[in-house]
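Below is one structure; the comments refer to it alone.
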Amino acid sequence: MAHTLVRATLGLTQPAHIEPPKISFSAKEIDLVEWKGDILAVGVTEKDMVKDENLKFQNSILKKLDSQLGGLLAEASLEEDFTGKAGQSTVLRLPGLGSKRIGLIGLGQSASTALAYRGLGEAVAVAAKSTQASNVAIALASPEELSAESKLSSASAIASGTALGTFEDNRFKSESKKATLKSVDILGFGTGPELEKKLKYTEDLCSGIIFGRELVNAPANVLTPGVLAEEASKIASMYSDVLSATILNADQCKELKMGSYLGVAAASVNPPHFIHLCYKPPSVPVKAKLALVGKGLTFDSGGYNIKTGPVCSIELMKFDMGGSAAVLGAAKAIGQIKPEGVEVHFIAAACENMISGTGMRPGDIVTASNGKTIEVNNTDAEGRLTLADALVYACNQGVEKIIDLATLTGACRVALGPSIAGVFTPSDDLAKEVLVASEVSGEKLWRMPLEESYWDCMKSGVADMVNTGDRQGGAITAALFLKQFVDEKVQWMHIDMAGPVWNDKKKTATGFGISTLVEWVLRNSS
């Protein structure tokens with residue numbers, strides 16, 4: 001069915017069409033001394049940087065490189081006080097190698113996590129930008145310490161860090177520089193079809209993460225609920241062999257009795273769009289049915305409980321659709337990877353939370369699609385109201401497991417800070433699955449309690465529940481609220497990503513959640 005999509009006109013701003021950088025990744029076995037290109041980057045631990053009594057490297061690879069450079073590498077590392085600590089890097093232009101420059105990237109005391117190797121790739125991307133490099137090689141000083149399996153995951157993390165570190169969202173700048181990096185050789189990690197397949201997977205995943213970042217970065221006068229729905233439909237069209245799209249308008253949502261979601265959307269001139277993409281594998285019977293549900297508030301003013309004061313960050317409330325961006329970014333990646341044996345539903349109830357004479361008022365009672373009534377004691381706790389109907393809808397798709405993601409509470413950000421998301425679930429099995437996936441992805445999750453006794457503060461005198469409880473334990477009561485809209489037979493997890501959705505230092509979206517979701521889906525595939 002065709003839908004009329006609202007095009008943003010406020011401010012006359014339209015994003016420039018800029019293709020994300022296309023970097024070719026390949027695995028090679030070649031002597032580092034012989035490699036020819038712009039930068040040879042070597043990841044080193046503090047142990048690798050240890051020198052003998054003559055101030056020469058003990059590590060065999062660094063010793064060979066230093067010998068070729070006439071001892072200048074060891075000398076320069078001493079002069080710059082480079083010890084291999086995490087976050088340290090130095091790039092030198094020294095004659096004697098096939099490469100124009102050599103870089104040393106610190107990995108800390110040891111490099112054993114996806115996060116460390118992703119950081120290596122990001123550091124290389126920064127070096128490539130500053131030197132206008134078009135081709136680089138990345139190696140480790142001690143590759144022998146990696147098992148065959150960890151070489152695959154480490155190479156993937158390095159490639160991911162490099163690709164994402166190269167990306168800059170310049171769509172809304174009048175002038176921007178194009179990325180120069182075109183190719184990355186990953187040396188010393190082996191070769192063969194298995195590694196090449198892993199690197200292709202990483203490219204697909206990164207395209208989904210970049211898409212998710214672009215969605216969150218786009219301002220609310222550009223990314224309306226209608227435009228978000230159009231972007232979702234484009235994904236389904238691009239991968240129509242495995243993805244289909246259903247976009248419900250307000251009248252169709254009314255037929256489904258989504259009073260909780262529609263109550264939030266009522267004040268905005270931009271109508272709501274309920275997004276449902278469905279992935280079905282190209283072959284093999286479906287053995288698992290999953291749903292990913294993302295909060296889709298393209299802007300949150302707070303409604304009549306308007307956000308006020310510097311702590312509320314109203315100017316950043318374009319990122320209140322970060323959950324839906326994670327879900328749609330995962331959909332884009334899954335559409336390319338095409339895992340077998342698993343059906344996945346990607347769901348987002350997209351709308352704006354605004355203020356007008358038609359808007360929801362504090363004290364109003366809304367009725368969700370499962371028949372439960374909610375007294376709205378705070379219009380700024382709107383995300384859970386939209387998720388309520390989205391979770392009911394997801395359960396009605398016959399799925400066995402649901403993960404919802406939302407920038408839901410400031411309380412979770414206060415508790416866990418800006419880089420860790422809170423995880424809430426009554427299912428130990430699902431918690432284990434997702435936490436294992438997050439270890440592979442390098443994204444930080446922390447399981448939080450679902451303390452049932454806290455539900456007492458969510459009781460209403462006139463309805464089934466209120467939408468906010470006491471100030472203390474706000475992230476927990478928000479999760480308990482969502483639990484009221486999930487079928488008891490369905491394994492369910494809520495991820496509160498209010499902290500890691502945005503990088504305050506870089507002033508940009510992170511694409512958080514997409515890597516973990518894709519890894520989790522793959523682990524549920526046959």
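If you're wondering about the labels, chains in the structure tokens are A, B, ... by order shown, residues count from 1 in each chain, ligands from 1 in order shown.
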
Find the residues around segment 129-143 of chain A up to 7 Å (only C-alpha atoms counted), leave out those fewer than 4 positions away in its own chain, and share them as a tab-separated table (two decimals) with all heavy atoms, in the first residue's frame.
```tsv
chain	number	residue	atom	x	y	z
A	37	GLY	N	53.31	0.79	0.59
A	37	GLY	CA	52.10	1.58	0.75
A	37	GLY	C	52.38	2.83	1.57
A	37	GLY	O	53.54	3.21	1.76
A	38	ASP	N	51.32	3.46	2.06
A	38	ASP	CA	51.47	4.75	2.75
A	38	ASP	C	51.84	4.59	4.23
A	38	ASP	O	52.73	5.28	4.72
A	38	ASP	CB	50.18	5.56	2.63
A	38	ASP	CG	49.93	6.00	1.20
A	38	ASP	OD1	50.91	6.31	0.50
A	38	ASP	OD2	48.75	6.03	0.78
A	39	ILE	N	51.12	3.72	4.95
A	39	ILE	CA	51.40	3.54	6.37
A	39	ILE	C	51.42	2.06	6.72
A	39	ILE	O	50.46	1.33	6.41
A	39	ILE	CB	50.35	4.23	7.27
A	39	ILE	CG1	50.26	5.72	6.99
A	39	ILE	CG2	50.69	4.02	8.76
A	39	ILE	CD1	49.16	6.42	7.79
A	40	LEU	N	52.47	1.60	7.37
A	40	LEU	CA	52.50	0.28	7.99
A	40	LEU	C	52.27	0.51	9.48
A	40	LEU	O	53.11	1.11	10.16
A	40	LEU	CB	53.86	-0.38	7.76
A	40	LEU	CG	54.11	-1.68	8.54
A	40	LEU	CD1	53.13	-2.77	8.11
A	40	LEU	CD2	55.54	-2.16	8.39
A	41	ALA	N	51.12	0.09	9.99
A	41	ALA	CA	50.76	0.29	11.40
A	41	ALA	C	50.91	-1.02	12.16
A	41	ALA	O	50.38	-2.05	11.73
A	41	ALA	CB	49.33	0.81	11.51
A	42	VAL	N	51.64	-0.98	13.27
A	42	VAL	CA	51.89	-2.18	14.07
A	42	VAL	C	51.28	-1.98	15.46
A	42	VAL	O	51.65	-1.03	16.18
A	42	VAL	CB	53.40	-2.46	14.19
A	42	VAL	CG1	53.62	-3.77	14.95
A	42	VAL	CG2	54.04	-2.53	12.81
A	43	GLY	N	50.38	-2.85	15.83
A	43	GLY	CA	49.81	-2.83	17.17
A	43	GLY	C	50.77	-3.47	18.15
A	43	GLY	O	51.22	-4.60	17.95
A	44	VAL	N	51.10	-2.75	19.23
A	44	VAL	CA	52.10	-3.23	20.19
A	44	VAL	C	51.55	-3.15	21.61
A	44	VAL	O	50.85	-2.20	21.98
A	44	VAL	CB	53.41	-2.41	20.10
A	44	VAL	CG1	54.07	-2.59	18.75
A	44	VAL	CG2	53.17	-0.94	20.37
A	48	ASP	N	55.62	-5.84	24.33
A	48	ASP	CA	56.34	-5.80	23.05
A	48	ASP	C	57.38	-4.68	23.03
A	48	ASP	O	58.39	-4.77	22.31
A	48	ASP	CB	55.36	-5.57	21.89
A	48	ASP	CG	54.39	-6.72	21.70
A	48	ASP	OD1	54.78	-7.86	21.98
A	48	ASP	OD2	53.25	-6.45	21.26
A	61	ILE	N	59.66	-9.05	15.71
A	61	ILE	CA	59.16	-8.25	14.59
A	61	ILE	C	59.65	-6.81	14.69
A	61	ILE	O	60.12	-6.22	13.71
A	61	ILE	CB	57.61	-8.31	14.53
A	61	ILE	CG1	57.17	-9.68	13.99
A	61	ILE	CG2	57.05	-7.19	13.65
A	61	ILE	CD1	55.68	-9.87	13.90
A	62	LEU	N	59.55	-6.23	15.88
A	62	LEU	CA	60.03	-4.86	16.06
A	62	LEU	C	61.55	-4.78	15.87
A	62	LEU	O	62.06	-3.79	15.32
A	62	LEU	CB	59.65	-4.34	17.45
A	62	LEU	CG	58.15	-4.16	17.71
A	62	LEU	CD1	57.91	-3.66	19.12
A	62	LEU	CD2	57.52	-3.20	16.70
A	125	ALA	N	42.78	4.69	11.45
A	125	ALA	CA	41.93	5.59	10.65
A	125	ALA	C	42.30	7.05	10.90
A	125	ALA	O	42.35	7.85	9.96
A	125	ALA	CB	40.46	5.34	10.97
A	180	THR	N	40.29	9.67	2.16
A	180	THR	CA	41.28	9.24	1.17
A	180	THR	C	41.58	7.76	1.25
A	180	THR	O	42.10	7.17	0.29
A	180	THR	CB	42.60	10.02	1.36
A	180	THR	OG1	43.07	9.81	2.71
A	180	THR	CG2	42.38	11.51	1.14
A	181	LEU	N	41.27	7.13	2.40
A	181	LEU	CA	41.65	5.72	2.59
A	181	LEU	C	40.81	4.81	1.69
A	181	LEU	O	39.59	4.83	1.73
A	181	LEU	CB	41.47	5.33	4.05
A	181	LEU	CG	41.98	3.95	4.46
A	181	LEU	CD1	43.47	3.81	4.19
A	181	LEU	CD2	41.68	3.68	5.94
A	182	LYS	N	41.51	4.02	0.87
A	182	LYS	CA	40.83	3.15	-0.09
A	182	LYS	C	41.02	1.66	0.19
A	182	LYS	O	40.15	0.85	-0.08
A	182	LYS	CB	41.33	3.44	-1.52
A	182	LYS	CG	41.16	4.88	-1.97
A	182	LYS	CD	39.71	5.31	-2.00
A	182	LYS	CE	39.57	6.74	-2.49
A	182	LYS	NZ	38.18	7.24	-2.33
A	183	SER	N	42.20	1.30	0.72
A	183	SER	CA	42.46	-0.13	0.93
A	183	SER	C	43.23	-0.36	2.22
A	183	SER	O	44.07	0.46	2.62
A	183	SER	CB	43.24	-0.71	-0.25
A	183	SER	OG	44.54	-0.16	-0.31
A	184	VAL	N	42.92	-1.49	2.86
A	184	VAL	CA	43.58	-1.89	4.11
A	184	VAL	C	44.00	-3.34	3.98
A	184	VAL	O	43.17	-4.22	3.72
A	184	VAL	CB	42.65	-1.72	5.32
A	184	VAL	CG1	43.32	-2.23	6.59
A	184	VAL	CG2	42.22	-0.28	5.48
A	185	ASP	N	45.29	-3.59	4.12
A	185	ASP	CA	45.81	-4.96	4.16
A	185	ASP	C	46.01	-5.37	5.61
A	185	ASP	O	46.66	-4.64	6.38
A	185	ASP	CB	47.14	-5.05	3.42
A	185	ASP	CG	46.99	-4.83	1.92
A	185	ASP	OD1	45.88	-5.04	1.40
A	185	ASP	OD2	47.98	-4.44	1.28
A	186	ILE	N	45.44	-6.50	5.99
A	186	ILE	CA	45.60	-7.01	7.35
A	186	ILE	C	46.62	-8.14	7.27
A	186	ILE	O	46.38	-9.18	6.64
A	186	ILE	CB	44.25	-7.47	7.92
A	186	ILE	CG1	43.32	-6.26	8.02
A	186	ILE	CG2	44.43	-8.11	9.29
A	186	ILE	CD1	41.94	-6.55	8.55
A	187	LEU	N	47.78	-7.92	7.89
A	187	LEU	CA	48.93	-8.81	7.73
A	187	LEU	C	49.15	-9.68	8.97
A	187	LEU	O	49.00	-9.22	10.10
A	187	LEU	CB	50.20	-7.99	7.46
A	187	LEU	CG	50.12	-6.92	6.36
A	187	LEU	CD1	51.46	-6.21	6.23
A	187	LEU	CD2	49.70	-7.55	5.04
A	188	GLY	N	49.50	-10.95	8.71
A	188	GLY	CA	49.87	-11.84	9.81
A	188	GLY	C	48.71	-12.53	10.49
A	188	GLY	O	48.89	-13.18	11.53
```

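Inside segment 334-378 of chain A, the residues DSSP reads as helix (DSSP H, G or I) when given the backbone are A:Ile334, A:Gly335, A:Gln336, A:Ile337.
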
Those residues you just picked out, can you put them in a file as a JSON list (two decimals), in the first residue's frame with all heavy atoms?
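So the final result, stored in part.json, reads:
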```
[["chain", "number", "residue", "atom", "x", "y", "z"],
["A", 334, "ILE", "N", 21.63, -7.43, 8.33],
["A", 334, "ILE", "CA", 21.06, -8.78, 8.19],
["A", 334, "ILE", "C", 20.60, -9.01, 6.74],
["A", 334, "ILE", "O", 20.73, -10.12, 6.20],
["A", 334, "ILE", "CB", 19.89, -8.98, 9.17],
["A", 334, "ILE", "CG1", 20.39, -9.01, 10.62],
["A", 334, "ILE", "CG2", 19.11, -10.25, 8.86],
["A", 334, "ILE", "CD1", 21.30, -10.14, 10.96],
["A", 335, "GLY", "N", 20.06, -7.97, 6.11],
["A", 335, "GLY", "CA", 19.63, -8.10, 4.71],
["A", 335, "GLY", "C", 20.77, -8.45, 3.78],
["A", 335, "GLY", "O", 20.56, -9.09, 2.75],
["A", 336, "GLN", "N", 21.99, -8.05, 4.15],
["A", 336, "GLN", "CA", 23.17, -8.37, 3.33],
["A", 336, "GLN", "C", 23.79, -9.70, 3.73],
["A", 336, "GLN", "O", 24.25, -10.47, 2.88],
["A", 336, "GLN", "CB", 24.21, -7.26, 3.48],
["A", 336, "GLN", "CG", 23.75, -5.91, 2.97],
["A", 336, "GLN", "CD", 24.71, -4.80, 3.33],
["A", 336, "GLN", "OE1", 25.71, -4.58, 2.65],
["A", 336, "GLN", "NE2", 24.42, -4.09, 4.41],
["A", 337, "ILE", "N", 23.83, -9.98, 5.03],
["A", 337, "ILE", "CA", 24.48, -11.20, 5.52],
["A", 337, "ILE", "C", 23.65, -12.45, 5.23],
["A", 337, "ILE", "O", 24.18, -13.52, 4.95],
["A", 337, "ILE", "CB", 24.77, -11.06, 7.03],
["A", 337, "ILE", "CG1", 25.74, -9.90, 7.28],
["A", 337, "ILE", "CG2", 25.35, -12.35, 7.61],
["A", 337, "ILE", "CD1", 25.82, -9.45, 8.72]]
```

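Atom pair atom CA of Ser89 of chain A / atom CA of Ile102 of chain A: separated by 10.7 Å.
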
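Using only C-alpha atoms, the residues found no farther than 6 Å from segment 155-165 of chain A, other than those of its own chain fewer than 4 positions away, are Ala114, Tyr117, Arg118, Gly121, Glu122, Ala125, Lys151, Leu199 and Thr202 of chain A.
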